[in-house]
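**Q** Contents of entry.cif (mmCIF, C-alpha atoms and all ligand atoms):
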data_data
#
loop_
_atom_site.label_atom_id
_atom_site.label_comp_id
_atom_site.auth_asym_id
_atom_site.auth_seq_id
_atom_site.Cartn_x
_atom_site.Cartn_y
_atom_site.Cartn_z
CA MET R 1 -115.66 -131.23 63.33
CA THR R 2 -113.67 -128.71 65.39
CA ARG R 3 -114.49 -128.55 69.11
CA ILE R 4 -113.42 -125.41 70.87
CA ASP R 5 -113.69 -124.18 74.42
CA ARG R 6 -116.66 -121.93 73.66
CA GLU R 7 -116.74 -120.36 77.10
CA ARG R 8 -113.15 -119.20 76.80
CA SER R 9 -113.78 -117.87 73.29
CA ALA R 10 -116.91 -116.05 74.51
CA ARG R 11 -114.87 -114.43 77.29
CA ARG R 12 -112.21 -113.27 74.85
CA ILE R 13 -114.75 -111.91 72.36
CA GLU R 14 -116.61 -110.15 75.19
CA HIS R 15 -113.36 -108.59 76.36
CA ASP R 16 -112.58 -107.29 72.85
CA ILE R 17 -116.11 -105.91 72.40
CA GLU R 18 -116.17 -104.20 75.79
CA THR R 19 -112.69 -102.75 75.33
CA LEU R 20 -113.69 -101.28 71.96
CA ALA R 21 -116.84 -99.79 73.52
CA GLY R 22 -114.64 -97.80 75.90
CA PRO R 23 -114.05 -94.04 75.70
CA ALA R 24 -110.77 -94.38 73.81
CA TYR R 25 -112.57 -95.99 70.88
CA THR R 26 -115.65 -93.82 70.38
CA SER R 27 -116.00 -90.08 69.96
CA SER R 28 -119.36 -89.98 71.81
CA SER R 29 -120.49 -91.01 75.26
CA GLU R 30 -124.05 -91.56 73.94
CA ALA R 31 -123.36 -94.07 71.17
CA ILE R 32 -120.48 -95.77 69.41
CA CYS R 33 -119.25 -93.14 66.95
CA ARG R 34 -116.21 -94.33 65.06
CA TYR R 35 -115.73 -93.04 61.55
CA ALA R 36 -112.99 -93.47 58.97
CA TYR R 37 -109.76 -91.51 59.52
CA THR R 38 -110.65 -90.29 63.00
CA ASP R 39 -108.41 -90.82 66.02
CA VAL R 40 -110.79 -93.30 67.61
CA TYR R 41 -110.95 -95.30 64.38
CA GLU R 42 -107.15 -95.36 64.12
CA ARG R 43 -106.93 -96.55 67.74
CA THR R 44 -109.37 -99.34 66.94
CA LEU R 45 -107.28 -100.50 63.99
CA ARG R 46 -104.21 -100.42 66.24
CA TYR R 47 -106.01 -102.58 68.79
CA PHE R 48 -106.65 -105.23 66.14
CA THR R 49 -103.11 -104.81 64.81
CA ASP R 50 -101.58 -105.44 68.25
CA GLN R 51 -103.76 -108.49 68.86
CA LEU R 52 -102.99 -109.97 65.45
CA GLU R 53 -99.27 -109.23 65.57
CA GLY R 54 -99.26 -110.89 68.99
CA LEU R 55 -100.50 -114.03 67.23
CA GLY R 56 -97.66 -113.81 64.73
CA PHE R 57 -99.84 -112.45 61.90
CA ARG R 58 -98.45 -109.92 59.48
CA VAL R 59 -100.71 -106.83 59.43
CA TRP R 60 -100.95 -104.14 56.76
CA ARG R 61 -103.39 -101.61 55.29
CA ASP R 62 -104.63 -101.33 51.73
CA PRO R 63 -104.09 -97.97 49.92
CA VAL R 64 -107.17 -96.37 51.53
CA GLY R 65 -106.98 -97.84 55.04
CA THR R 66 -108.76 -101.21 55.02
CA LEU R 67 -106.90 -103.38 57.55
CA VAL R 68 -105.57 -106.74 56.37
CA ALA R 69 -103.78 -109.44 58.37
CA SER R 70 -102.54 -112.88 57.43
CA ASN R 71 -100.55 -115.82 58.70
CA VAL R 72 -99.28 -116.45 55.15
CA GLU R 73 -97.66 -114.13 52.59
CA PRO R 74 -99.89 -111.49 50.95
CA GLY R 75 -101.47 -113.05 47.86
CA ALA R 76 -100.81 -116.64 48.97
CA PRO R 77 -103.90 -118.91 49.14
CA ALA R 78 -105.83 -118.11 52.32
CA PHE R 79 -109.41 -118.12 53.60
CA GLY R 80 -110.87 -114.65 54.19
CA ILE R 81 -112.73 -113.67 57.37
CA GLY R 82 -113.75 -110.31 58.80
CA SER R 83 -116.22 -107.45 58.70
CA HIS R 84 -115.94 -103.70 59.51
CA CYS R 85 -115.24 -101.74 62.69
CA ASP R 86 -116.49 -98.28 61.73
CA SER R 87 -119.87 -97.47 63.24
CA ASN R 88 -123.23 -96.06 62.31
CA ARG R 89 -123.73 -92.43 63.38
CA ASN R 90 -125.99 -93.77 66.11
CA GLY R 91 -123.93 -96.92 66.55
CA GLY R 92 -123.85 -99.80 68.99
CA LYS R 93 -121.06 -102.09 70.15
CA TYR R 94 -121.83 -104.99 67.81
CA ASP R 95 -122.62 -103.90 64.24
CA GLY R 96 -119.49 -104.79 62.34
CA THR R 97 -117.16 -104.88 65.31
CA LEU R 98 -118.56 -108.23 66.46
CA GLY R 99 -117.60 -109.67 63.06
CA VAL R 100 -114.00 -108.44 63.32
CA CYS R 101 -113.73 -109.65 66.93
CA THR R 102 -115.11 -113.06 65.95
CA ALA R 103 -112.66 -113.24 63.04
CA LEU R 104 -109.85 -112.33 65.47
CA GLU R 105 -111.01 -115.17 67.71
CA VAL R 106 -110.86 -117.56 64.73
CA CYS R 107 -107.24 -116.45 64.22
CA ARG R 108 -106.48 -117.15 67.90
CA LEU R 109 -108.12 -120.57 67.71
CA ALA R 110 -106.26 -121.44 64.52
CA VAL R 111 -102.92 -120.51 66.11
CA GLU R 112 -103.69 -122.44 69.30
CA ALA R 113 -104.76 -125.52 67.35
CA GLY R 114 -101.64 -125.44 65.16
CA GLY R 115 -101.89 -127.18 61.81
CA GLY R 116 -101.56 -123.99 59.80
CA VAL R 117 -105.00 -122.96 58.54
CA PRO R 118 -104.11 -120.14 56.10
CA LEU R 119 -106.24 -117.11 57.01
CA ARG R 120 -106.63 -113.50 55.91
CA LEU R 121 -108.56 -111.16 58.17
CA ILE R 122 -110.04 -108.01 56.60
CA SER R 123 -111.62 -105.07 58.43
CA PHE R 124 -113.19 -102.91 55.75
CA LEU R 125 -113.05 -99.11 55.83
CA GLU R 126 -116.25 -97.01 56.01
CA GLU R 127 -118.91 -99.71 55.71
CA GLU R 128 -121.60 -97.57 57.30
CA GLY R 129 -121.06 -94.45 55.21
CA SER R 130 -120.96 -92.39 58.42
CA GLY R 131 -117.98 -90.31 57.35
CA PHE R 132 -118.60 -89.86 53.62
CA GLY R 133 -122.29 -90.68 53.10
CA GLN R 134 -121.55 -93.78 51.00
CA MET R 135 -122.18 -97.22 52.43
CA LEU R 136 -119.73 -100.09 51.79
CA LEU R 137 -117.14 -97.60 50.56
CA GLY R 138 -113.99 -99.56 51.47
CA SER R 139 -115.26 -102.77 49.88
CA ARG R 140 -116.60 -100.89 46.84
CA ILE R 141 -113.16 -99.35 46.40
CA MET R 142 -111.63 -102.83 46.70
CA ALA R 143 -114.06 -104.24 44.13
CA GLN R 144 -113.45 -101.22 41.84
CA ARG R 145 -117.13 -100.25 42.09
CA VAL R 146 -116.40 -96.52 42.32
CA THR R 147 -114.69 -94.15 39.91
CA GLU R 148 -111.63 -92.02 40.63
CA GLU R 149 -113.74 -88.98 39.74
CA GLU R 150 -116.21 -89.87 42.53
CA LEU R 151 -113.40 -90.39 45.04
CA ARG R 152 -111.80 -87.09 44.09
CA THR R 153 -114.91 -84.92 43.91
CA SER R 154 -118.42 -86.16 44.75
CA ILE R 155 -117.77 -88.44 47.75
CA VAL R 156 -117.31 -85.85 50.48
CA ASP R 157 -117.56 -85.62 54.26
CA GLU R 158 -120.09 -83.38 55.96
CA ASP R 159 -117.77 -80.39 55.59
CA GLY R 160 -117.51 -81.00 51.86
CA VAL R 161 -113.92 -82.37 52.03
CA PRO R 162 -113.45 -85.02 49.32
CA PHE R 163 -112.68 -88.60 50.33
CA TRP R 164 -109.50 -88.35 48.25
CA ASP R 165 -108.13 -85.44 50.30
CA SER R 166 -109.13 -87.03 53.61
CA ALA R 167 -107.40 -90.31 52.74
CA ALA R 168 -104.25 -88.45 51.66
CA ARG R 169 -104.29 -86.35 54.83
CA ALA R 170 -104.55 -89.54 56.90
CA GLY R 171 -101.32 -90.67 55.20
CA TYR R 172 -102.71 -93.19 52.72
CA PRO R 173 -101.37 -93.46 49.13
CA VAL R 174 -104.89 -92.97 47.76
CA GLU R 175 -103.61 -92.56 44.18
CA ARG R 176 -102.94 -96.33 44.33
CA TRP R 177 -106.60 -97.08 45.30
CA ARG R 178 -106.99 -99.52 42.42
CA ASP R 179 -104.38 -101.81 44.05
CA SER R 180 -106.87 -102.39 46.84
CA ILE R 181 -108.24 -105.30 44.80
CA ARG R 182 -104.93 -107.13 45.37
CA THR R 183 -106.22 -107.89 48.87
CA LEU R 184 -108.54 -110.45 47.30
CA ASP R 185 -105.69 -112.23 45.45
CA GLY R 186 -105.45 -115.85 46.45
CA LEU R 187 -108.56 -115.83 48.64
CA THR R 188 -110.11 -119.30 48.50
CA GLY R 189 -113.28 -118.30 50.34
CA TRP R 190 -114.82 -115.65 52.57
CA VAL R 191 -117.09 -115.70 55.64
CA GLU R 192 -118.36 -112.65 57.55
CA VAL R 193 -120.11 -112.89 60.91
CA HIS R 194 -122.60 -110.12 61.73
CA ILE R 195 -125.50 -109.45 64.04
CA GLU R 196 -128.76 -110.20 62.26
CA GLN R 197 -130.20 -106.67 62.69
CA GLY R 198 -133.69 -108.18 62.64
CA ARG R 199 -135.57 -110.35 65.13
CA VAL R 200 -136.18 -113.53 63.15
CA LEU R 201 -133.48 -115.55 64.95
CA GLN R 202 -134.59 -114.38 68.38
CA ASP R 203 -138.29 -114.98 67.71
CA THR R 204 -137.68 -118.44 66.25
CA ALA R 205 -135.21 -119.37 69.01
CA ARG R 206 -132.26 -119.97 66.66
CA ARG R 207 -128.67 -119.25 67.60
CA ILE R 208 -127.27 -118.95 64.09
CA GLY R 209 -128.44 -117.76 60.69
CA VAL R 210 -126.68 -119.05 57.59
CA VAL R 211 -127.16 -116.35 54.97
CA GLN R 212 -128.12 -117.43 51.45
CA ALA R 213 -128.63 -114.05 49.76
CA ILE R 214 -128.20 -110.35 50.54
CA ALA R 215 -130.66 -107.70 49.34
CA GLY R 216 -129.50 -105.09 46.85
CA TYR R 217 -130.24 -101.41 47.28
CA VAL R 218 -130.31 -97.98 45.77
CA HIS R 219 -129.40 -94.87 47.71
CA GLY R 220 -130.40 -91.59 46.14
CA ASP R 221 -131.49 -88.04 46.88
CA LEU R 222 -134.72 -86.38 45.81
CA ARG R 223 -134.43 -82.58 45.86
CA PHE R 224 -137.34 -80.17 45.73
CA ALA R 225 -136.97 -76.47 45.13
CA GLY R 226 -139.82 -74.08 45.90
CA ARG R 227 -139.79 -70.62 47.45
CA ALA R 228 -139.04 -69.34 50.94
CA ASP R 229 -141.88 -67.18 52.22
CA HIS R 230 -142.98 -65.86 55.58
CA ALA R 231 -144.87 -68.61 57.41
CA GLY R 232 -147.35 -66.17 58.91
CA ALA R 233 -147.83 -63.60 56.19
CA THR R 234 -148.18 -66.00 53.21
CA PRO R 235 -151.71 -67.42 52.77
CA MET R 236 -151.90 -71.13 51.98
CA GLY R 237 -152.78 -70.66 48.33
CA TYR R 238 -149.70 -68.53 47.67
CA ARG R 239 -146.99 -71.00 48.63
CA ASN R 240 -144.49 -73.25 46.84
CA ASP R 241 -143.72 -75.31 49.93
CA ALA R 242 -140.98 -77.89 49.30
CA SER R 243 -141.75 -79.83 52.47
CA VAL R 244 -145.31 -80.60 51.37
CA VAL R 245 -144.18 -82.27 48.14
CA ALA R 246 -141.47 -84.12 50.07
CA ALA R 247 -144.12 -85.38 52.49
CA GLU R 248 -146.31 -86.59 49.60
CA CYS R 249 -143.30 -88.51 48.27
CA VAL R 250 -142.56 -90.13 51.62
CA LEU R 251 -146.12 -91.44 51.79
CA GLU R 252 -146.01 -92.59 48.18
CA LEU R 253 -142.72 -94.43 48.85
CA GLU R 254 -144.43 -96.40 51.60
CA ARG R 255 -147.32 -97.26 49.29
CA LEU R 256 -145.01 -98.30 46.45
CA ALA R 257 -142.83 -100.51 48.67
CA GLU R 258 -145.91 -102.20 50.16
CA ASP R 259 -147.29 -102.75 46.70
CA ALA R 260 -144.00 -104.24 45.43
CA SER R 261 -143.85 -106.47 48.53
CA ARG R 262 -146.96 -108.31 47.35
CA ARG R 263 -144.61 -110.06 44.92
CA VAL R 264 -141.25 -110.01 46.73
CA PRO R 265 -140.26 -108.30 50.02
CA THR R 266 -139.19 -104.74 49.17
CA VAL R 267 -138.55 -101.85 51.52
CA GLY R 268 -138.37 -98.10 51.03
CA THR R 269 -137.17 -95.62 53.65
CA ALA R 270 -136.79 -91.85 53.69
CA GLY R 271 -134.51 -91.70 56.70
CA GLU R 272 -132.40 -88.66 56.04
CA GLY R 273 -133.10 -85.16 54.89
CA THR R 274 -132.36 -81.47 54.96
CA VAL R 275 -134.63 -78.47 54.93
CA VAL R 276 -133.56 -75.00 53.78
CA PRO R 277 -133.64 -72.57 55.47
CA ASN R 278 -134.82 -74.86 58.32
CA LEU R 279 -136.60 -72.13 60.30
CA ILE R 280 -139.90 -72.51 62.10
CA ASN R 281 -141.38 -69.32 60.68
CA VAL R 282 -140.30 -69.74 57.04
CA VAL R 283 -141.99 -71.83 54.32
CA PRO R 284 -139.26 -74.30 53.23
CA ALA R 285 -137.61 -73.30 49.97
CA GLU R 286 -135.64 -76.52 49.49
CA VAL R 287 -135.92 -80.02 50.81
CA ARG R 288 -133.66 -83.00 50.21
CA VAL R 289 -134.93 -86.47 51.03
CA GLY R 290 -132.39 -89.33 51.15
CA LEU R 291 -133.98 -92.57 49.86
CA ASP R 292 -132.97 -96.14 50.73
CA ILE R 293 -134.81 -98.75 48.63
CA ARG R 294 -134.00 -102.48 48.85
CA SER R 295 -135.01 -105.97 47.80
CA VAL R 296 -133.36 -109.30 47.02
CA GLU R 297 -134.76 -108.80 43.47
CA ARG R 298 -133.29 -105.96 41.48
CA ASP R 299 -136.41 -105.50 39.31
CA SER R 300 -138.45 -104.93 42.43
CA TYR R 301 -136.39 -102.11 43.98
CA ARG R 302 -135.66 -100.55 40.58
CA GLY R 303 -139.41 -100.48 39.90
CA VAL R 304 -139.94 -98.52 43.14
CA VAL R 305 -137.10 -96.10 42.27
CA ASP R 306 -138.59 -95.42 38.82
CA ALA R 307 -142.10 -94.97 40.20
CA ILE R 308 -141.11 -92.64 43.05
CA THR R 309 -139.03 -90.40 40.81
CA SER R 310 -141.85 -90.00 38.28
CA PHE R 311 -144.34 -89.41 41.12
CA ALA R 312 -142.01 -86.69 42.45
CA GLU R 313 -141.97 -84.96 39.03
CA THR R 314 -145.74 -84.87 38.83
CA ALA R 315 -146.25 -83.83 42.47
CA ALA R 316 -143.66 -81.06 42.19
CA GLN R 317 -145.13 -79.71 38.94
CA ARG R 318 -148.63 -79.64 40.43
CA ARG R 319 -147.39 -77.31 43.17
CA GLY R 320 -145.09 -75.19 41.02
CA LEU R 321 -141.79 -76.66 42.30
CA ARG R 322 -138.74 -78.07 40.58
CA THR R 323 -137.40 -81.51 41.42
CA GLU R 324 -134.27 -83.49 40.71
CA TYR R 325 -133.25 -87.06 41.56
CA ARG R 326 -129.62 -88.13 41.84
CA GLN R 327 -128.54 -91.69 42.60
CA ARG R 328 -125.68 -91.97 45.08
CA GLN R 329 -125.04 -95.64 44.51
CA GLU R 330 -126.50 -99.05 43.77
CA THR R 331 -125.23 -102.32 45.19
CA LEU R 332 -126.65 -105.44 43.58
CA PRO R 333 -128.50 -108.29 45.29
CA THR R 334 -126.01 -111.08 45.94
CA THR R 335 -126.42 -114.85 46.17
CA MET R 336 -124.06 -116.60 48.55
CA ASP R 337 -121.87 -119.47 47.34
CA ALA R 338 -123.66 -122.81 47.66
CA GLY R 339 -120.45 -124.63 48.67
CA VAL R 340 -119.60 -122.23 51.52
CA VAL R 341 -123.24 -122.18 52.67
CA ALA R 342 -123.28 -126.00 52.69
CA ALA R 343 -120.02 -126.17 54.68
CA LEU R 344 -121.42 -123.77 57.29
CA GLU R 345 -124.66 -125.71 57.42
CA ARG R 346 -122.82 -129.01 57.92
CA ALA R 347 -120.78 -127.36 60.69
CA VAL R 348 -123.83 -126.09 62.56
CA GLN R 349 -125.74 -129.34 62.10
CA ALA R 350 -122.83 -131.20 63.69
CA THR R 351 -123.15 -129.04 66.82
CA GLY R 352 -126.89 -129.73 67.16
CA GLN R 353 -127.51 -126.01 67.74
CA PRO R 354 -130.70 -124.45 66.29
CA TYR R 355 -130.12 -122.48 63.07
CA ARG R 356 -131.92 -121.30 59.98
CA LEU R 357 -131.08 -120.48 56.38
CA MET R 358 -132.11 -116.90 55.70
CA PRO R 359 -131.70 -113.83 53.51
CA SER R 360 -130.10 -110.61 54.72
CA GLY R 361 -132.14 -107.44 54.37
CA ALA R 362 -129.19 -105.34 55.54
CA SER R 363 -126.17 -104.79 53.32
CA HIS R 364 -122.68 -106.08 54.00
CA ASP R 365 -119.16 -105.86 52.58
CA THR R 366 -119.61 -109.53 51.63
CA GLN R 367 -121.72 -108.28 48.69
CA LEU R 368 -118.61 -106.79 47.16
CA VAL R 369 -116.37 -109.78 47.96
CA ALA R 370 -118.82 -112.41 46.66
CA PRO R 371 -118.43 -111.68 42.91
CA HIS R 372 -114.69 -112.42 43.29
CA VAL R 373 -114.49 -115.11 45.98
CA PRO R 374 -116.88 -117.93 47.10
CA SER R 375 -118.58 -116.23 50.04
CA ALA R 376 -121.20 -116.59 52.74
CA MET R 377 -122.22 -115.04 56.05
CA LEU R 378 -123.28 -116.14 59.50
CA PHE R 379 -125.76 -114.14 61.56
CA VAL R 380 -126.02 -114.19 65.32
CA PRO R 381 -129.20 -112.96 67.03
CA CYS R 382 -129.38 -109.45 68.42
CA LEU R 383 -131.77 -108.51 71.17
CA ASP R 384 -135.19 -107.53 69.77
CA GLY R 385 -133.56 -107.01 66.38
CA VAL R 386 -132.25 -103.62 67.48
CA SER R 387 -129.27 -102.25 65.54
CA HIS R 388 -127.88 -98.89 64.41
CA SER R 389 -128.54 -97.91 68.00
CA PRO R 390 -126.51 -97.76 71.22
CA ASP R 391 -129.09 -100.26 72.53
CA GLU R 392 -127.68 -103.06 70.35
CA SER R 393 -127.11 -106.22 72.34
CA ALA R 394 -125.83 -109.64 71.31
CA SER R 395 -124.40 -112.68 73.06
CA SER R 396 -120.70 -113.45 72.95
CA ASP R 397 -121.69 -117.13 73.47
CA ASP R 398 -123.41 -117.02 70.07
CA ALA R 399 -120.38 -115.29 68.56
CA ALA R 400 -118.12 -118.01 70.02
CA LEU R 401 -120.37 -120.62 68.41
CA GLY R 402 -119.95 -118.64 65.17
CA ALA R 403 -116.16 -118.78 65.55
CA GLU R 404 -116.31 -122.56 66.00
CA LEU R 405 -118.51 -122.95 62.91
CA MET R 406 -116.18 -120.79 60.83
CA LEU R 407 -113.15 -122.78 61.82
CA THR R 408 -114.91 -126.10 61.14
CA ALA R 409 -116.19 -124.92 57.76
CA ILE R 410 -112.85 -123.42 56.72
CA ARG R 411 -111.02 -126.65 57.61
CA ASP R 412 -113.63 -128.59 55.68
CA LEU R 413 -113.29 -126.29 52.64
CA VAL R 414 -109.50 -126.06 52.53
CA ALA R 415 -108.94 -129.78 53.18
C1 LIG R 501 -125.65 -101.38 56.61
O1 LIG R 501 -125.32 -100.90 57.64
C2 LIG R 501 -126.98 -101.26 56.08
O2 LIG R 501 -127.62 -100.22 56.31
O3 LIG R 501 -127.46 -102.20 55.44
MN MN R 502 -122.51 -103.76 59.67
MN MN R 503 -124.69 -101.21 59.95
#
Show this structure as structure tokens.

**A**
Amino acid sequence: MTRIDRERSARRIEHDIETLAGPAYTSSSEAICRYAYTDVYERTLRYFTDQLEGLGFRVWRDPVGTLVASNVEPGAPAFGIGSHCDSNRNGGKYDGTLGVCTALEVCRLAVEAGGGVPLRLISFLEEEGSGFGQMLLGSRIMAQRVTEEELRTSIVDEDGVPFWDSAARAGYPVERWRDSIRTLDGLTGWVEVHIEQGRVLQDTARRIGVVQAIAGYVHGDLRFAGRADHAGATPMGYRNDASVVAAECVLELERLAEDASRRVPTVGTAGEGTVVPNLINVVPAEVRVGLDIRSVERDSYRGVVDAITSFAETAAQRRGLRTEYRQRQETLPTTMDAGVVAALERAVQATGQPYRLMPSGASHDTQLVAPHVPSAMLFVPCLDGVSHSPDESASSDDAALGAELMLTAIRDLVA
């Protein structure tokens, strides 16, 4: 078992987190806003680069901008640790960034302890999908779970600029994107630390969650096309109002997800949308509803996707509208590696700290690493389960405990 000075580690993690919450590292004073290829994102990668180079690590970027650092040669056997440091559009200090800061602390501890634990830190690009509307983009590129066509044309920023062009403009050799998978070469295992983003740990008074499985999800867009009419002059019976059909679908999504949850927890959210022409005195002609549907069982969320799309067809027809559904992406439910989970569980049991084994309802880059490398995750509690909000709060003491557990488990696994 590895004993560390947890208070010192907590201070260092706190310092990293607070520094990266400063004005140089976010484009908003209201929330953490840090998206791929922006100045504040580049500054954040440089912060990690400086810290890691100061420890003697070699630091590089993959062909699209995922940051990689190691104390052994690229491709040599090493244990992978990390997370992401881009933010949600309404982001807090901890989602993702806490995982990279904790991984950085593991690197510090490994250097201070000597003995040469081979490590590779990865900070994935664009986990949140804030810049290009596609979650887990950097890790999906690494795992070859996108097509070149998508990168060149359909994955675009809010101004319609393709990911491909943005990456090239930021100076990355995006035409070599397939080489991104080389970052996984030689990895003997992978652990990501993240805030829980729920309140189970807090409400059960646990300091650590050892993740056993991560829910899969579908993201897709339902579009409804009706007719724009004057909101005052058009009697109710004369309208083809796209927002009414969209509203019916939102309610039906709730019903379907609740129904599916009778068998296995399944969630459905319509959290994003656009209305055209988006004017108070015009009947909406077009509405787009972004759907997020998840479960740890693929059959369950796919069942909801199929049911909501056929409901949308029927509801649209009944009101004389056209509808179309287009999937943006699917990421599969993922079981964590039993050996890595067991090593983390042994490590936490040895500390006597309260923990629980649990699933993750939120998605993580680990889902894309796990099919290639034995992987697991650690959760630390976050206050009241709040995340994707500037009100996120988590304890650096818990993160320091996480760093200790990672180091213990890695030593155990590489021994
Ligand atoms: C990741 O941020 C997610 O929404 O699961
Ligand atoms: Mn995250
Ligand atoms: Mn997130």

**Q** Could you check how far atom CA of R:Cys101 sits from atom CA of R:His388, in Å to one decimal?

**A**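 Straight-line distance from atom CA of R:Cys101 to atom CA of R:His388 works out to 18.0 Å.
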
**Q** With distances taken over all atoms listed in the file, which of R:Val373, R:Ala409, R:Leu98, R:Val304 is nearest to R:Ser396?

**A**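 When distances to R:Ser396 are compared using all atoms listed in the file, the smallest one comes from R:Leu98.
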
**Q** Output the neighbourhood of ligand MN 503 (chain R) as a list in words, that is, all protein and nucleic acid residues with some atom at most 6 Å from the ligand, counting all atoms listed in the file.

**A**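 With all atoms listed in the file and a cut-off of 6 Å, ligand MN 503 (chain R) is contacted by Asn88, Asp95, Glu128 and His388 of chain R.
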
**Q** Name the residues, by chain letter and number, that sit within 12 Å of ligand LIG 501 (chain R) using only C-alpha atoms and all ligand atoms, and give them as a PyMOL selection string.

**A** chain R and resi 83-92+94-97+126-130+133-137+194-198+214-219+267+269+271+291-295+331+333+360-367+387-389

**Q** Taking (-142.4, -70.5, 45.5) as a centre in this file's frame and 7 Å as the limit, can you find every polymer residue with an atom that close, using all atoms listed in the file, and give them as an MDAnalysis selection string?

**A** chainID R and resid 226:228 239:241 321

**Q** So, counting only C-alpha atoms, which residue among R:Thr102, R:Thr408, R:Val72, R:Val40 is closest to R:Asp16?

**A**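 Between R:Thr102, R:Thr408, R:Val72, R:Val40, the residue approaching R:Asp16 most closely is R:Thr102.
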
**Q** Using all atoms listed in the file, pick whichever of R:Cys33, R:Val414, R:Val283, R:Ile208 has the shortest atom-to-atom distance to R:Thr234.

**A** R:Val283

**Q** So what do you get for atom CA of R:Gly385 versus atom CA of R:Val341, distance-wise?

**A**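 Calculated distance between atom CA of R:Gly385 and atom CA of R:Val341 is 22.9 Å.
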
**Q** Looking at all atoms listed in the file, which of R:Tyr238, R:Phe79, R:Phe124, R:Phe163 is the one that sits closest to ligand MN 502 (chain R)?

**A**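 That would be R:Phe124, the residue with the smallest distance to ligand MN 502 (chain R).
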